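Comments concern the structure below.
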Amino acid sequence: MTTDITLDDTGTGSGSAAGERVWSPAQVGDLHLRHRFAMAPMTRSRALPDGTPGPSAAAYYAQRAGLGLLISEGTQPSEDGQGYPSTPGIHTDAHVAGWRRVTDAVHEAGGHLFIQLMHTGRFGHPDNTPHGRQLVAPSAIAPAGPIFTAKGLQQPPEPRALTTDEVRGVVDEFRHAARRAIEAGADGVEVHGAGGYLVHSFLGINSNHRTDSYGGSIANRARFAVEVAAAIADEIGPARTAVRLSPYNTFGDIDEGTDGAELYGHLAARLDELGLAYLHVYDFGRDDVLARIRDAWQGPLLVVRDGRGPEDLLRDLETGLADIVPVGKLALANPDFVTRWRAGGPFNAPDPETMFGGDDHGYTDYPTLP
Ligand SMILES: Cc1cc2nc3c(=O)[nH]c(=O)nc-3n(C[C@H](O)[C@H](O)[C@H](O)COP(=O)(O)O)c2cc1C
C-alpha cells in the first residue's frame, strides 16, 4: 500500500483556530463526540447476495471507530431501493442480525454508527435488484447513465412513476428500515437525500414532472424529503434521525434549476423544525446555497466539499460554517485516520481498484502506523 499523502505542519491545523476546534467535543443527537471528525458514507459492495453485511464488515467499521461518528455505506430500505450490486439492506431479519454484528463491534471499539438509508430510485438497474422489477421514481424519466451491473455498465431503463399512494408507501419503507436499524443496534439513521437517488430525484426539475402534491413548487418537490425525515423521527426519535443533501450535484442526471438556494433554504428550514440529530451537506461549490442552509438550520452541520484535499479539510470548521468534518476516501484508506492526523501523516493512498466489491484486500488490510 502506498503512503504518498503527507501534510505540512499547517495542514494538521496546529496552532490555528480549526486546529483547536477539531479536538473539541461535540454533541450530535444524544451522542457525545470527542472530536469533530466523522466517517463519510461509502458504498463498498461487499454484502452477501441477500443483502446481509459481509463477513468482514464488522472488522472494517470497528477498525475505523476512532473517527467517532461513522456513517455507514448506503443501505437499501426495501428491495425496490437497491440500485447497485452487493449493497447491504436493512429490512429483513437477516439484515438486522448482520448489522447487529457491525454495531456491536463498533460500540466495543468506542465508536458510533448511523446507518445510511439509500433508496436509489431511478438511478440503478433492475439487474441489480433481487426481484428484477422496473425501478420506481417520481416520474417515468430515465436518467442518463450508465450504471454498474454484474453484466458491466448499462443504461438505466425508464422507471415507473410512483402513484401518490405509493409515494406514501415508500415513506413507510423508510420508517420500517429505520426501526430495523435501531433493532440492529445502530445509533441512528441518515437519509440519503443526495447523489441523484430517490429523495434527490424528487428535488430535481428534470426528474420530477409530477402534478400532485409531490411535484411542481419548491414546497411540493421538497415534500417527500421532509415526509421521510418526519416519519423516521416519529418512529425512532429526532435525535437518531439525520439527512444528507447535495445541492447542485448533477450525479444521477439531476437538474435542480435556478432556484436551488430557495429550494435548499426551504428544505433546511423544514428539517430544522423536526430537530434532527444533524444535517449533512455534500457541497458542489455553491457557497450561496450552503450559506442559506447554515442560516435555516440550527443544529449540527456536517460538510463535505467535493474535490477537497487534506489541506482543505478543516477550512469550514475554521470559518464556522461546519461543526463536524466527515472524511471519505482518506478514512477508507486509513483506519487510524485520527491518529495519523494528530501525527501530521503520512496517509495511505486509497486504491480505486478495490473500492467497490472484492474481498478483504483494500477493505480491512490498509496498514495502521506502527
Ligand atoms: C467508494 C465510495 C463510495 C461512496 N458511497 C457513498 C454512499 O454510499 N453514500 C453517500 O452519500 N456518499 C457516498 N460517497 C461519497 C462520500 O461520502 C464523500 O462525500 C466523497 O467521497 C467526498 O469526500 P472525500 O473527498 O473525503 O472522499 C462515496 C464515495 C466513495 C469514494
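Here, A, B, ... name the chains of the C-alpha cells in the order displayed, residue numbers run from 1 inside each chain, and ligands are numbered from 1 in the same displayed order.
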Could you build a table of the residues in stretch 216-318 of chain A lying no more than 12 Å from stretch 40-44 of chain A, giving for each the nearest pair of atoms and their separation in Å rounded to one decimal place, using only C-alpha atoms, ordered by chain and ascending residue number, as JSON lines?
```
{"residue": "A:Val243", "atom": "CA", "partner": "A:Pro41", "partner_atom": "CA", "distance": 11.9}
{"residue": "A:Arg244", "atom": "CA", "partner": "A:Pro41", "partner_atom": "CA", "distance": 9.8}
{"residue": "A:His280", "atom": "CA", "partner": "A:Ala40", "partner_atom": "CA", "distance": 9.5}
{"residue": "A:Val281", "atom": "CA", "partner": "A:Ala40", "partner_atom": "CA", "distance": 10.8}
{"residue": "A:Tyr282", "atom": "CA", "partner": "A:Ala40", "partner_atom": "CA", "distance": 9.7}
{"residue": "A:Leu302", "atom": "CA", "partner": "A:Ala40", "partner_atom": "CA", "distance": 9.6}
{"residue": "A:Val303", "atom": "CA", "partner": "A:Ala40", "partner_atom": "CA", "distance": 9.8}
{"residue": "A:Val304", "atom": "CA", "partner": "A:Ala40", "partner_atom": "CA", "distance": 8.3}
{"residue": "A:Arg305", "atom": "CA", "partner": "A:Ala40", "partner_atom": "CA", "distance": 11.4}
```
Got time to write the residues from that selection, N, CA and C atoms, as a PDB file, in the first residue's frame?
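Heads up, here's the output in part.pdb:
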```pdb
ATOM      1  N   VAL A 243     -30.134  13.724   7.855  1.00  0.00           N
ATOM      2  CA  VAL A 243     -30.379  13.781   6.409  1.00  0.00           C
ATOM      3  C   VAL A 243     -29.108  14.268   5.719  1.00  0.00           C
ATOM      4  N   ARG A 244     -28.806  13.644   4.572  1.00  0.00           N
ATOM      5  CA  ARG A 244     -27.700  14.126   3.729  1.00  0.00           C
ATOM      6  C   ARG A 244     -28.269  14.726   2.444  1.00  0.00           C
ATOM      7  N   HIS A 280     -26.315  16.942   6.900  1.00  0.00           N
ATOM      8  CA  HIS A 280     -25.034  16.607   6.266  1.00  0.00           C
ATOM      9  C   HIS A 280     -25.076  17.116   4.833  1.00  0.00           C
ATOM     10  N   VAL A 281     -24.198  18.025   4.492  1.00  0.00           N
ATOM     11  CA  VAL A 281     -24.191  18.589   3.140  1.00  0.00           C
ATOM     12  C   VAL A 281     -22.933  18.150   2.404  1.00  0.00           C
ATOM     13  N   TYR A 282     -23.148  17.554   1.245  1.00  0.00           N
ATOM     14  CA  TYR A 282     -22.054  17.227   0.326  1.00  0.00           C
ATOM     15  C   TYR A 282     -22.084  18.344  -0.712  1.00  0.00           C
ATOM     16  N   LEU A 302     -22.788  18.987   9.150  1.00  0.00           N
ATOM     17  CA  LEU A 302     -21.635  18.245   8.636  1.00  0.00           C
ATOM     18  C   LEU A 302     -21.423  18.686   7.188  1.00  0.00           C
ATOM     19  N   VAL A 303     -20.197  19.013   6.830  1.00  0.00           N
ATOM     20  CA  VAL A 303     -19.953  19.488   5.461  1.00  0.00           C
ATOM     21  C   VAL A 303     -18.790  18.720   4.842  1.00  0.00           C
ATOM     22  N   VAL A 304     -19.062  18.190   3.643  1.00  0.00           N
ATOM     23  CA  VAL A 304     -18.018  17.583   2.802  1.00  0.00           C
ATOM     24  C   VAL A 304     -17.953  18.425   1.540  1.00  0.00           C
ATOM     25  N   ARG A 305     -16.755  18.811   1.133  1.00  0.00           N
ATOM     26  CA  ARG A 305     -16.597  19.568  -0.113  1.00  0.00           C
ATOM     27  C   ARG A 305     -16.071  18.639  -1.190  1.00  0.00           C
TER      28      ARG A 305
END
```
* Give the residue list for ligand 1 at 9 Å, counting only C-alpha atoms and all ligand atoms, as number ranges by chain, sorted by chain and then by residue number. => A: 39-45, 71-75, 87, 116-118, 191-195, 244-246, 281-283, 303-310, 313, 325-332, 350, 352, 354-356
* To do: One decimal, Å: what's the distance from atom CA of A:Glu311 over to atom CA of A:Gly285, could you say?
  =>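 Pair atom CA of A:Glu311 / atom CA of A:Gly285 returns 16.8 Å.
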* Atomic separation - atom CA of A:Asp360 relative to atom CA of A:Asp104, Å -> 19.9 Å
* Asked: So which residues touch stretch 314-322 of chain A within 12 Å, counting only C-alpha atoms, skipping near sequence neighbours fewer than 2 positions away, as a ChimeraX atom specification?
  -> /A:10-24,26,35-37,278-283,287-295,297-305,308-312,324-327,341
* Could you pull out the residues in stretch 113-355 of chain A that DSSP calls strand (DSSP E) from the backbone, as JSON, numbers by chain? => {"A": [113, 114, 115, 116, 117, 136, 137, 147, 148, 149, 152, 153, 154, 160, 161, 188, 189, 190, 191, 192, 193, 241, 242, 243, 244, 245, 278, 279, 280, 281, 282, 283, 301, 302, 303, 304, 305, 325, 326, 327]}
Since we have the selection now, will you write its residues out, keeping C-alpha atoms, as a PDB file, in the first residue's frame?
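Result went into again04.pdb, see below:
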```
ATOM      1  CA  LEU A 113     -22.793   4.093  13.813  1.00  0.00           C
ATOM      2  CA  PHE A 114     -25.534   5.790  11.829  1.00  0.00           C
ATOM      3  CA  ILE A 115     -26.813   3.569   9.006  1.00  0.00           C
ATOM      4  CA  GLN A 116     -27.342   5.483   5.769  1.00  0.00           C
ATOM      5  CA  LEU A 117     -30.705   4.660   4.171  1.00  0.00           C
ATOM      6  CA  VAL A 136     -39.526   3.408  -9.250  1.00  0.00           C
ATOM      7  CA  ALA A 137     -39.214   7.187  -9.472  1.00  0.00           C
ATOM      8  CA  ILE A 147     -24.817   2.318 -14.095  1.00  0.00           C
ATOM      9  CA  PHE A 148     -22.570  -0.507 -12.942  1.00  0.00           C
ATOM     10  CA  THR A 149     -24.119  -4.004 -13.077  1.00  0.00           C
ATOM     11  CA  GLY A 152     -20.891  -4.427 -16.968  1.00  0.00           C
ATOM     12  CA  LEU A 153     -22.009  -0.823 -17.497  1.00  0.00           C
ATOM     13  CA  GLN A 154     -25.625  -0.490 -18.625  1.00  0.00           C
ATOM     14  CA  ARG A 160     -42.170   3.619 -13.344  1.00  0.00           C
ATOM     15  CA  ALA A 161     -43.760   6.740 -11.822  1.00  0.00           C
ATOM     16  CA  GLY A 188     -29.364   6.390  14.243  1.00  0.00           C
ATOM     17  CA  VAL A 189     -30.012   6.605  10.520  1.00  0.00           C
ATOM     18  CA  GLU A 190     -29.046   9.104   7.855  1.00  0.00           C
ATOM     19  CA  VAL A 191     -31.470   9.554   4.935  1.00  0.00           C
ATOM     20  CA  HIS A 192     -29.529   9.662   1.668  1.00  0.00           C
ATOM     21  CA  GLY A 193     -31.088  12.736   0.107  1.00  0.00           C
ATOM     22  CA  THR A 241     -32.503  10.904  12.560  1.00  0.00           C
ATOM     23  CA  ALA A 242     -30.287  12.748  10.078  1.00  0.00           C
ATOM     24  CA  VAL A 243     -30.379  13.781   6.409  1.00  0.00           C
ATOM     25  CA  ARG A 244     -27.700  14.126   3.729  1.00  0.00           C
ATOM     26  CA  LEU A 245     -28.182  16.602   0.860  1.00  0.00           C
ATOM     27  CA  TYR A 278     -27.612  16.589  12.191  1.00  0.00           C
ATOM     28  CA  LEU A 279     -27.770  17.797   8.620  1.00  0.00           C
ATOM     29  CA  HIS A 280     -25.034  16.607   6.266  1.00  0.00           C
ATOM     30  CA  VAL A 281     -24.191  18.589   3.140  1.00  0.00           C
ATOM     31  CA  TYR A 282     -22.054  17.227   0.326  1.00  0.00           C
ATOM     32  CA  ASP A 283     -21.247  20.551  -1.312  1.00  0.00           C
ATOM     33  CA  LEU A 301     -23.932  20.770  10.288  1.00  0.00           C
ATOM     34  CA  LEU A 302     -21.635  18.245   8.636  1.00  0.00           C
ATOM     35  CA  VAL A 303     -19.953  19.488   5.461  1.00  0.00           C
ATOM     36  CA  VAL A 304     -18.018  17.583   2.802  1.00  0.00           C
ATOM     37  CA  ARG A 305     -16.597  19.568  -0.113  1.00  0.00           C
ATOM     38  CA  VAL A 325     -15.939  17.181   9.167  1.00  0.00           C
ATOM     39  CA  PRO A 326     -16.818  13.815   7.591  1.00  0.00           C
ATOM     40  CA  VAL A 327     -13.865  12.153   5.892  1.00  0.00           C
TER      41      VAL A 327
END
```
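Neighbours of A:Ile141 closer than or equal to 9 Å, with only C-alpha atoms counted and sequence neighbours fewer than 6 positions away skipped, come out as Arg122, Pro157, Glu158, Pro159, Arg160, Ala161, Asn206, Ser207, Asn208 and His209 of chain A.
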Using N, CA and C atoms, can you export the residues from the last selection as a PDB file, in the first residue's frame?
```pdb
ATOM      1  N   ARG A 122     -34.561   5.816  -9.502  1.00  0.00           N
ATOM      2  CA  ARG A 122     -34.384   5.554 -10.944  1.00  0.00           C
ATOM      3  C   ARG A 122     -32.935   5.337 -11.325  1.00  0.00           C
ATOM      4  N   PRO A 157     -32.814   1.812 -17.404  1.00  0.00           N
ATOM      5  CA  PRO A 157     -34.023   1.871 -18.238  1.00  0.00           C
ATOM      6  C   PRO A 157     -35.053   2.831 -17.657  1.00  0.00           C
ATOM      7  N   GLU A 158     -36.137   3.069 -18.429  1.00  0.00           N
ATOM      8  CA  GLU A 158     -37.156   4.003 -17.944  1.00  0.00           C
ATOM      9  C   GLU A 158     -37.801   3.453 -16.667  1.00  0.00           C
ATOM     10  N   PRO A 159     -37.896   4.280 -15.628  1.00  0.00           N
ATOM     11  CA  PRO A 159     -38.538   3.821 -14.391  1.00  0.00           C
ATOM     12  C   PRO A 159     -40.047   3.998 -14.474  1.00  0.00           C
ATOM     13  N   ARG A 160     -40.717   3.481 -13.483  1.00  0.00           N
ATOM     14  CA  ARG A 160     -42.170   3.619 -13.344  1.00  0.00           C
ATOM     15  C   ARG A 160     -42.452   4.767 -12.374  1.00  0.00           C
ATOM     16  N   ALA A 161     -43.405   5.634 -12.733  1.00  0.00           N
ATOM     17  CA  ALA A 161     -43.760   6.740 -11.822  1.00  0.00           C
ATOM     18  C   ALA A 161     -44.591   6.194 -10.664  1.00  0.00           C
ATOM     19  N   ASN A 206     -35.899  18.223 -13.692  1.00  0.00           N
ATOM     20  CA  ASN A 206     -35.905  17.360 -14.879  1.00  0.00           C
ATOM     21  C   ASN A 206     -36.326  15.934 -14.539  1.00  0.00           C
ATOM     22  N   SER A 207     -36.284  15.574 -13.263  1.00  0.00           N
ATOM     23  CA  SER A 207     -36.596  14.203 -12.845  1.00  0.00           C
ATOM     24  C   SER A 207     -37.977  14.104 -12.210  1.00  0.00           C
ATOM     25  N   ASN A 208     -38.556  15.238 -11.853  1.00  0.00           N
ATOM     26  CA  ASN A 208     -39.857  15.259 -11.174  1.00  0.00           C
ATOM     27  C   ASN A 208     -40.824  16.145 -11.969  1.00  0.00           C
ATOM     28  N   HIS A 209     -41.702  15.508 -12.743  1.00  0.00           N
ATOM     29  CA  HIS A 209     -42.723  16.239 -13.504  1.00  0.00           C
ATOM     30  C   HIS A 209     -44.108  15.984 -12.925  1.00  0.00           C
TER      31      HIS A 209
END
```
Which parts of stretch 265-349 of chain A does DSSP call alpha helix (DSSP H) when run on the backbone here, written out as a PDB file with C-alpha atoms, in the first residue's frame?
```
ATOM      1  CA  GLY A 265     -33.241  27.130   2.182  1.00  0.00           C
ATOM      2  CA  HIS A 266     -36.841  25.904   2.365  1.00  0.00           C
ATOM      3  CA  LEU A 267     -35.827  22.281   2.890  1.00  0.00           C
ATOM      4  CA  ALA A 268     -33.301  23.126   5.626  1.00  0.00           C
ATOM      5  CA  ALA A 269     -35.913  25.217   7.436  1.00  0.00           C
ATOM      6  CA  ARG A 270     -38.484  22.383   7.301  1.00  0.00           C
ATOM      7  CA  LEU A 271     -35.902  19.864   8.525  1.00  0.00           C
ATOM      8  CA  ASP A 272     -34.846  22.275  11.265  1.00  0.00           C
ATOM      9  CA  GLU A 273     -38.408  22.223  12.629  1.00  0.00           C
ATOM     10  CA  LEU A 274     -38.004  18.479  13.162  1.00  0.00           C
ATOM     11  CA  ASP A 287     -21.359  28.764  -1.233  1.00  0.00           C
ATOM     12  CA  ASP A 288     -24.601  30.741  -1.561  1.00  0.00           C
ATOM     13  CA  VAL A 289     -26.667  27.579  -1.070  1.00  0.00           C
ATOM     14  CA  LEU A 290     -24.509  26.445   1.812  1.00  0.00           C
ATOM     15  CA  ALA A 291     -24.928  29.844   3.477  1.00  0.00           C
ATOM     16  CA  ARG A 292     -28.716  29.579   3.106  1.00  0.00           C
ATOM     17  CA  ILE A 293     -28.673  26.151   4.703  1.00  0.00           C
ATOM     18  CA  ARG A 294     -26.487  27.379   7.545  1.00  0.00           C
ATOM     19  CA  ASP A 295     -28.935  30.217   8.187  1.00  0.00           C
ATOM     20  CA  ALA A 296     -32.008  27.991   8.144  1.00  0.00           C
ATOM     21  CA  ARG A 315     -11.379  25.087   6.405  1.00  0.00           C
ATOM     22  CA  ASP A 316     -15.129  25.026   7.076  1.00  0.00           C
ATOM     23  CA  LEU A 317     -14.569  24.407  10.777  1.00  0.00           C
ATOM     24  CA  GLU A 318     -12.253  27.405  10.790  1.00  0.00           C
ATOM     25  CA  THR A 319     -14.833  29.721   9.247  1.00  0.00           C
ATOM     26  CA  LYS A 329     -11.533   8.270   0.929  1.00  0.00           C
ATOM     27  CA  LEU A 330      -8.845   9.092   3.499  1.00  0.00           C
ATOM     28  CA  ALA A 331     -10.853   7.202   6.134  1.00  0.00           C
ATOM     29  CA  LEU A 332     -11.360   4.311   3.737  1.00  0.00           C
ATOM     30  CA  ALA A 333      -7.596   4.018   3.295  1.00  0.00           C
ATOM     31  CA  PHE A 337      -7.019   8.340  10.364  1.00  0.00           C
ATOM     32  CA  VAL A 338      -7.352  10.350  13.595  1.00  0.00           C
ATOM     33  CA  THR A 339      -4.013   9.101  14.972  1.00  0.00           C
ATOM     34  CA  ARG A 340      -2.345   9.884  11.670  1.00  0.00           C
ATOM     35  CA  TRP A 341      -3.889  13.361  11.582  1.00  0.00           C
ATOM     36  CA  ARG A 342      -2.548  14.103  15.067  1.00  0.00           C
ATOM     37  CA  ALA A 343       0.867  12.908  13.884  1.00  0.00           C
TER      38      ALA A 343
END
```
* Asked: Using only C-alpha atoms, which residues sit within 7 Å of A:Leu198 once same-chain residues fewer than 2 positions away are excluded, as a VMD selection string?
  -> chain A and resid 119 to 122 137 196 200 to 202
